[in-house]
$ cat entry-v3.cif   # mmCIF, C-alpha atoms, pLDDT in the B column; chains and numbers go by the auth columns
data_structure
#
loop_
_atom_site.group_PDB
_atom_site.id
_atom_site.type_symbol
_atom_site.label_atom_id
_atom_site.label_comp_id
_atom_site.label_asym_id
_atom_site.label_seq_id
_atom_site.Cartn_x
_atom_site.Cartn_y
_atom_site.Cartn_z
_atom_site.B_iso_or_equiv
_atom_site.auth_seq_id
_atom_site.auth_asym_id
ATOM 1 C CA MET A 1 1.340 -7.519 -19.318 47.00 1 A
ATOM 2 C CA THR A 2 0.887 -5.170 -16.372 59.00 2 A
ATOM 3 C CA LEU A 3 -0.160 -1.663 -17.280 55.00 3 A
ATOM 4 C CA TYR A 4 -0.185 1.535 -15.252 57.00 4 A
ATOM 5 C CA GLY A 5 -3.040 3.997 -15.735 61.00 5 A
ATOM 6 C CA HIS A 6 -3.582 7.212 -13.825 55.00 6 A
ATOM 7 C CA GLY A 7 -7.348 7.729 -14.072 55.00 7 A
ATOM 8 C CA THR A 8 -7.467 8.396 -17.816 55.00 8 A
ATOM 9 C CA ASP A 9 -7.643 6.158 -20.883 58.00 9 A
ATOM 10 C CA ALA A 10 -3.857 6.441 -21.283 67.00 10 A
ATOM 11 C CA SER A 11 -1.781 3.546 -19.931 70.00 11 A
ATOM 12 C CA LEU A 12 1.787 2.296 -20.300 71.00 12 A
ATOM 13 C CA ALA A 13 3.567 -0.905 -19.333 75.00 13 A
ATOM 14 C CA TYR A 14 5.551 -0.615 -16.087 73.00 14 A
ATOM 15 C CA GLY A 15 8.776 -1.315 -18.034 78.00 15 A
ATOM 16 C CA GLU A 16 8.213 1.836 -20.098 80.00 16 A
ATOM 17 C CA LEU A 17 8.081 4.115 -17.038 81.00 17 A
ATOM 18 C CA TYR A 18 10.534 5.435 -14.474 82.00 18 A
ATOM 19 C CA SER A 19 9.853 7.346 -11.280 81.00 19 A
ATOM 20 C CA GLN A 20 11.390 10.340 -9.572 81.00 20 A
ATOM 21 C CA ILE A 21 10.931 10.185 -5.820 82.00 21 A
ATOM 22 C CA SER A 22 11.639 12.892 -3.281 82.00 22 A
ATOM 23 C CA VAL A 23 11.545 12.141 0.457 86.00 23 A
ATOM 24 C CA VAL A 24 12.456 14.420 3.354 90.00 24 A
ATOM 25 C CA SER A 25 12.133 12.790 6.752 91.00 25 A
ATOM 26 C CA ALA A 26 12.988 14.052 10.246 94.00 26 A
ATOM 27 C CA GLY A 27 12.382 12.748 13.738 94.00 27 A
ATOM 28 C CA LEU A 28 12.514 14.189 17.229 96.00 28 A
ATOM 29 C CA GLY A 29 13.019 11.779 20.118 96.00 29 A
ATOM 30 C CA LEU A 30 13.469 11.996 23.861 96.00 30 A
ATOM 31 C CA ASP A 31 15.638 9.495 25.789 93.00 31 A
ATOM 32 C CA VAL A 32 13.994 8.274 29.005 92.00 32 A
ATOM 33 C CA TYR A 33 16.393 6.368 31.305 88.00 33 A
ATOM 34 C CA LEU A 34 14.210 3.671 32.864 90.00 34 A
ATOM 35 C CA ASN A 35 16.779 2.770 35.548 87.00 35 A
ATOM 36 C CA ARG A 36 15.940 5.953 37.455 81.00 36 A
ATOM 37 C CA LEU A 37 12.402 4.673 38.011 85.00 37 A
ATOM 38 C CA PHE A 38 13.802 1.873 40.211 81.00 38 A
ATOM 39 C CA GLY A 39 15.804 4.060 42.623 80.00 39 A
ATOM 40 C CA SER A 40 19.333 5.442 42.980 78.00 40 A
ATOM 41 C CA ARG A 41 20.986 2.027 43.236 79.00 41 A
ATOM 42 C CA ALA A 42 19.561 0.962 39.861 78.00 42 A
ATOM 43 C CA ALA A 43 20.604 4.330 38.361 73.00 43 A
ATOM 44 C CA ASP A 44 24.272 3.508 39.167 76.00 44 A
ATOM 45 C CA SER A 45 24.068 0.039 37.624 82.00 45 A
ATOM 46 C CA ARG A 46 26.258 -0.964 34.665 84.00 46 A
ATOM 47 C CA PHE A 47 23.080 -2.018 32.838 88.00 47 A
ATOM 48 C CA GLN A 48 20.896 0.732 31.409 89.00 48 A
ATOM 49 C CA ALA A 49 17.429 0.500 29.881 92.00 49 A
ATOM 50 C CA ILE A 50 16.494 3.474 27.691 93.00 50 A
ATOM 51 C CA LEU A 51 13.142 4.158 26.034 95.00 51 A
ATOM 52 C CA THR A 52 13.075 6.702 23.187 96.00 52 A
ATOM 53 C CA PRO A 53 9.598 7.756 22.016 96.00 53 A
ATOM 54 C CA THR A 54 9.884 9.645 18.709 96.00 54 A
ATOM 55 C CA VAL A 55 7.679 11.817 16.497 96.00 55 A
ATOM 56 C CA TYR A 56 8.475 11.644 12.773 94.00 56 A
ATOM 57 C CA GLY A 57 7.557 14.083 10.018 93.00 57 A
ATOM 58 C CA GLN A 58 7.832 13.345 6.310 90.00 58 A
ATOM 59 C CA PHE A 59 7.336 15.095 2.989 86.00 59 A
ATOM 60 C CA PHE A 60 6.918 12.626 0.110 82.00 60 A
ATOM 61 C CA SER A 61 6.495 13.157 -3.622 80.00 61 A
ATOM 62 C CA ALA A 62 6.649 10.732 -6.561 80.00 62 A
ATOM 63 C CA THR A 63 6.115 11.357 -10.265 81.00 63 A
ATOM 64 C CA LEU A 64 6.139 8.928 -13.185 80.00 64 A
ATOM 65 C CA HIS A 65 7.848 9.655 -16.515 84.00 65 A
ATOM 66 C CA ASP A 66 7.832 7.923 -19.890 82.00 66 A
ATOM 67 C CA LYS A 67 11.307 6.445 -20.579 85.00 67 A
ATOM 68 C CA LEU A 68 11.207 7.169 -24.322 84.00 68 A
ATOM 69 C CA SER A 69 9.931 10.750 -24.377 86.00 69 A
ATOM 70 C CA ASP A 70 10.918 11.755 -20.794 79.00 70 A
ATOM 71 C CA GLU A 71 7.475 13.361 -20.478 81.00 71 A
ATOM 72 C CA LYS A 72 5.661 13.420 -17.168 80.00 72 A
ATOM 73 C CA PHE A 73 3.095 10.598 -17.163 75.00 73 A
ATOM 74 C CA SER A 74 1.444 10.913 -13.743 73.00 74 A
ATOM 75 C CA ASP A 75 -0.542 13.844 -12.476 63.00 75 A
ATOM 76 C CA GLY A 76 1.273 13.973 -9.114 63.00 76 A
ATOM 77 C CA SER A 77 -1.611 12.362 -7.224 63.00 77 A
ATOM 78 C CA THR A 78 0.883 10.358 -5.143 61.00 78 A
ATOM 79 C CA LYS A 79 1.895 13.533 -3.308 63.00 79 A
ATOM 80 C CA PRO A 80 0.090 14.066 0.019 68.00 80 A
ATOM 81 C CA ALA A 81 -1.368 17.535 0.489 70.00 81 A
ATOM 82 C CA THR A 82 0.484 18.146 3.771 79.00 82 A
ATOM 83 C CA LEU A 83 3.184 16.870 6.076 84.00 83 A
ATOM 84 C CA SER A 84 2.749 13.230 7.148 88.00 84 A
ATOM 85 C CA LEU A 85 3.261 12.555 10.859 91.00 85 A
ATOM 86 C CA GLY A 86 4.113 9.286 12.568 92.00 86 A
ATOM 87 C CA LEU A 87 4.901 7.970 16.029 95.00 87 A
ATOM 88 C CA GLY A 88 7.571 5.420 16.821 94.00 88 A
ATOM 89 C CA GLY A 89 10.491 4.823 19.075 93.00 89 A
ATOM 90 C CA ALA A 90 13.149 2.479 20.330 95.00 90 A
ATOM 91 C CA LEU A 91 14.034 0.482 23.408 95.00 91 A
ATOM 92 C CA ALA A 92 17.763 0.099 24.080 94.00 92 A
ATOM 93 C CA LEU A 93 19.599 -2.054 26.611 93.00 93 A
ATOM 94 C CA ARG A 94 23.174 -0.922 27.275 89.00 94 A
ATOM 95 C CA TYR A 95 26.059 -2.225 29.352 90.00 95 A
ATOM 96 C CA ARG A 96 28.796 0.110 30.606 83.00 96 A
ATOM 97 C CA ILE A 97 32.247 -1.587 30.598 86.00 97 A
ATOM 98 C CA ALA A 98 34.207 1.045 32.574 78.00 98 A
ATOM 99 C CA PRO A 99 33.326 1.703 36.222 71.00 99 A
ATOM 100 C CA LEU A 100 31.804 5.072 37.190 65.00 100 A
ATOM 101 C CA GLY A 101 34.439 7.766 37.527 65.00 101 A
ATOM 102 C CA ALA A 102 37.023 5.891 35.404 58.00 102 A
ATOM 103 C CA CYS A 103 37.124 8.700 32.834 57.00 103 A
ATOM 104 C CA ASN A 104 37.945 11.456 35.379 54.00 104 A
#
$ encode --input "entry-v3.cif" --output "structure tokens"
Amino acid sequence: MTLYGHGTDASLAYGELYSQISVVSAGLGLDVYLNRLFGSRAADSRFQAILTPTVYGQFFSATLHDKLSDEKFSDGSTKPATLSLGLGGALALRYRIAPLGACN
């Protein structure tokens, strides 16, 4: 049997617990068109390469509760003291079907 304990002598089986999780996540990214690095002819190409570096921020909180009594079981130690930051991004390759100026 697997038991969960939170730093005290009290413990419960995982099947006797449920969790409430709260997550708020946001990211801010900037699109960088890589074609422009290779000159004006590459900038007008139907193929586009786009790099998007992104900074992410996240608030996270999780608490454990006893299923039978609905009492809070954990002490909230899973909650970070501040905002968590992360770095990430994406690389996209796109192909434009319509020629330039077709939408005018």
$ atom_distance --input "entry-v3.cif" --atom1 "atom CA of A:Asp66" --atom2 "atom CA of A:Ile21"
14.6 Å
$ closest_residue --input "entry-v3.cif" --among "A:Ser40, A:Arg96, A:Leu12, A:Val23" --to "A:Ala62" --atoms "only C-alpha atoms"
A:Val23
$ residues_around --input "entry-v3.cif" --residues "A:Phe73" --least-positions-apart "5" --cutoff "8 Å" --atoms "all atoms listed in the file" --output "number ranges by chain"
A: 63-66
$ residues_around --input "entry-v3.cif" --residues "A:Lys67" --least-positions-apart "4" --cutoff "9 Å" --atoms "only C-alpha atoms" --output "MDAnalysis selection string"
chainID A and resid 15:18 71
$ residues_around --input "entry-v3.cif" --residues "A:Leu93" --least-positions-apart "5" --cutoff "7 Å" --atoms "all atoms listed in the file" --output "PyMOL selection string"
chain A and resi 48-50
$ resolve_selection --input "entry-v3.cif" --expression "the PyMOL selection byres ((chain A and resi 84) around 12)" --output "JSON, numbers by chain"
{"A": [23, 24, 25, 26, 27, 55, 56, 57, 58, 59, 60, 61, 79, 80, 81, 82, 83, 85, 86, 87]}
$ atom_distance --input "entry-v3.cif" --atom1 "atom CA of A:Asp70" --atom2 "atom CA of A:Ser22"
17.6 Å
$ resolve_selection --input "entry-v3.cif" --expression "the PyMOL selection byres ((chain A and resi 91) around 6)" --output "list in words"
Ile50, Leu51, Ala90 and Ala92 of chain A
$ residues_around --input "entry-v3.cif" --residues "A:Phe47" --least-positions-apart "6" --cutoff "12 Å" --atoms "all atoms listed in the file" --output "PyMOL selection string"
chain A and resi 33-36+41+92-99
